[in-house]
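Notes for the one structure printed next.
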Amino acid sequence: MLKIHHLGMSRSDRSIWLAEELGLQYELVTHTRNAETFRSPQSLWDVSPMGKAPVIEDKGQTIPESGAIVEYLLENYGEGRLRPAKGTPAYIDYLHWMHAAESTLMTPIFINMLSVMTASDAPGLKAFCDGEFKTVFTYMNNILGERDYIAGDFSGADIMVAFPLMMLESPLFAQAGDETGKAFLPYPAIQAYLNRLRARPAWSKAEAIFKA
């Protein structure tokens, strides 16, 4: 049986959500962060050589990295679901956002998160993040003003993109002075998109699991 290793406040949320979207049977193994260092416990190092989540075990293989896991699950269990047909314009959009989620989109959000966690007031970092947020979110807002999901129909790309967006809304990582859940007020199409994602039954079920 598919085994999903879950670490709180990590990208393993994506693996659980996708498994629920696909209706897969899986075993969930939960690991708890070290309260002092915020690092992974030894139990996760025993599974993954870098001690990171997400990581899954399936058919005698150990597969790390959330993007790779999304692709693996769709390839092996998707049966054509949640991924546009190859050779179509939608598939190019899908590939773009599958990879942009962990690069163009995640980079300023992650830097912002570290700045908040370390109470950094470096003006250069703030200027970089603010500029990147405006560029990326304006682009996304325009796209989502024309379609419900980032690559057309709901797909694995939405599961990838949702994580950094929702992370920015978290009270733990919001920019100083921001109200919780208000990060996308200037971008109503993104906010409506997040509302649609959170209304999905599989998201609600997955959220209850990884927040338990």
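How things are named: the first chain in the structure tokens is A, the next is B, and so on; residues count from 1 in each chain; ligands count from 1 in the order shown.
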
- Task: Enumerate the residues of chain A with a DSSP assignment of strand (DSSP E or B), computed from the backbone, and present them as a list in words.
- Result: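 So, restricting chain A to strand (DSSP E or B), we get Leu2, Lys3, Ile4, His5, His6, Leu7, Tyr26, Glu27, Leu28, Val29, Thr30, His31, Val55, Ile56, Glu57, Asp58, Gln61, Thr62, Ile63, Pro64, Tyr149 and Gly152 of chain A.
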
- Task: Could you find all residues in range 24-66 of chain A that DSSP calls alpha helix (DSSP H) from the backbone, and write them as a ChimeraX atom specification?
- Result: /A:42-45,66

Once you have the residues from the selection above, write them out as a tab-separated table (two decimals), in the first residue's frame, restricted to N, CA, C and O atoms.
```tsv
chain	number	residue	atom	x	y	z
A	42	GLN	N	14.37	12.05	13.97
A	42	GLN	CA	15.18	10.95	13.43
A	42	GLN	C	14.33	9.99	12.62
A	42	GLN	O	14.80	9.39	11.64
A	43	SER	N	13.06	9.82	13.00
A	43	SER	CA	12.19	8.88	12.30
A	43	SER	C	12.05	9.22	10.81
A	43	SER	O	11.91	8.33	9.97
A	44	LEU	N	12.12	10.50	10.49
A	44	LEU	CA	12.03	10.90	9.08
A	44	LEU	C	13.37	10.75	8.38
A	44	LEU	O	13.43	10.37	7.20
A	45	TRP	N	14.46	10.99	9.11
A	45	TRP	CA	15.79	10.74	8.55
A	45	TRP	C	15.96	9.26	8.21
A	45	TRP	O	16.68	8.90	7.28
A	66	SER	N	7.90	17.07	-3.37
A	66	SER	CA	6.46	17.15	-3.63
A	66	SER	C	6.12	17.18	-5.11
A	66	SER	O	5.17	16.54	-5.55
```

- Note on the structure: A straight line from CA of Ala151 in chain A to CA of Leu82 in chain A spans 10.3 Å

Would you pick out the contacts of range 102-114 of chain A at 7 Å or less, using only C-alpha atoms, so that residues sharing its chain but fewer than 4 positions from it are not included, and give the list as a PDB file with C-alpha atoms, in the first residue's frame?
```pdb
ATOM      1  CA  THR A 118      13.883  36.061  12.280  1.00  0.00           C
ATOM      2  CA  CYS A 129       9.812  40.502  -1.876  1.00  0.00           C
ATOM      3  CA  GLU A 132       8.301  39.980  -6.739  1.00  0.00           C
ATOM      4  CA  VAL A 136       3.884  37.380  -9.804  1.00  0.00           C
ATOM      5  CA  PRO A 164       2.878  28.720  -1.206  1.00  0.00           C
ATOM      6  CA  LEU A 168       1.549  33.467   2.718  1.00  0.00           C
ATOM      7  CA  PHE A 173       4.336  33.857   8.060  1.00  0.00           C
TER       8      PHE A 173
END
```

- Go through A:Glu71, A:Glu207, A:Asp121, A:Asp46 and flag the residue nearest Gly156 in chain A, using only C-alpha atoms for the distances. A:Glu71

- Which is closest to Arg196 in chain A among A:Asp148, A:Phe163, A:Ala127, A:Phe184, if we use only C-alpha atoms? A:Asp148
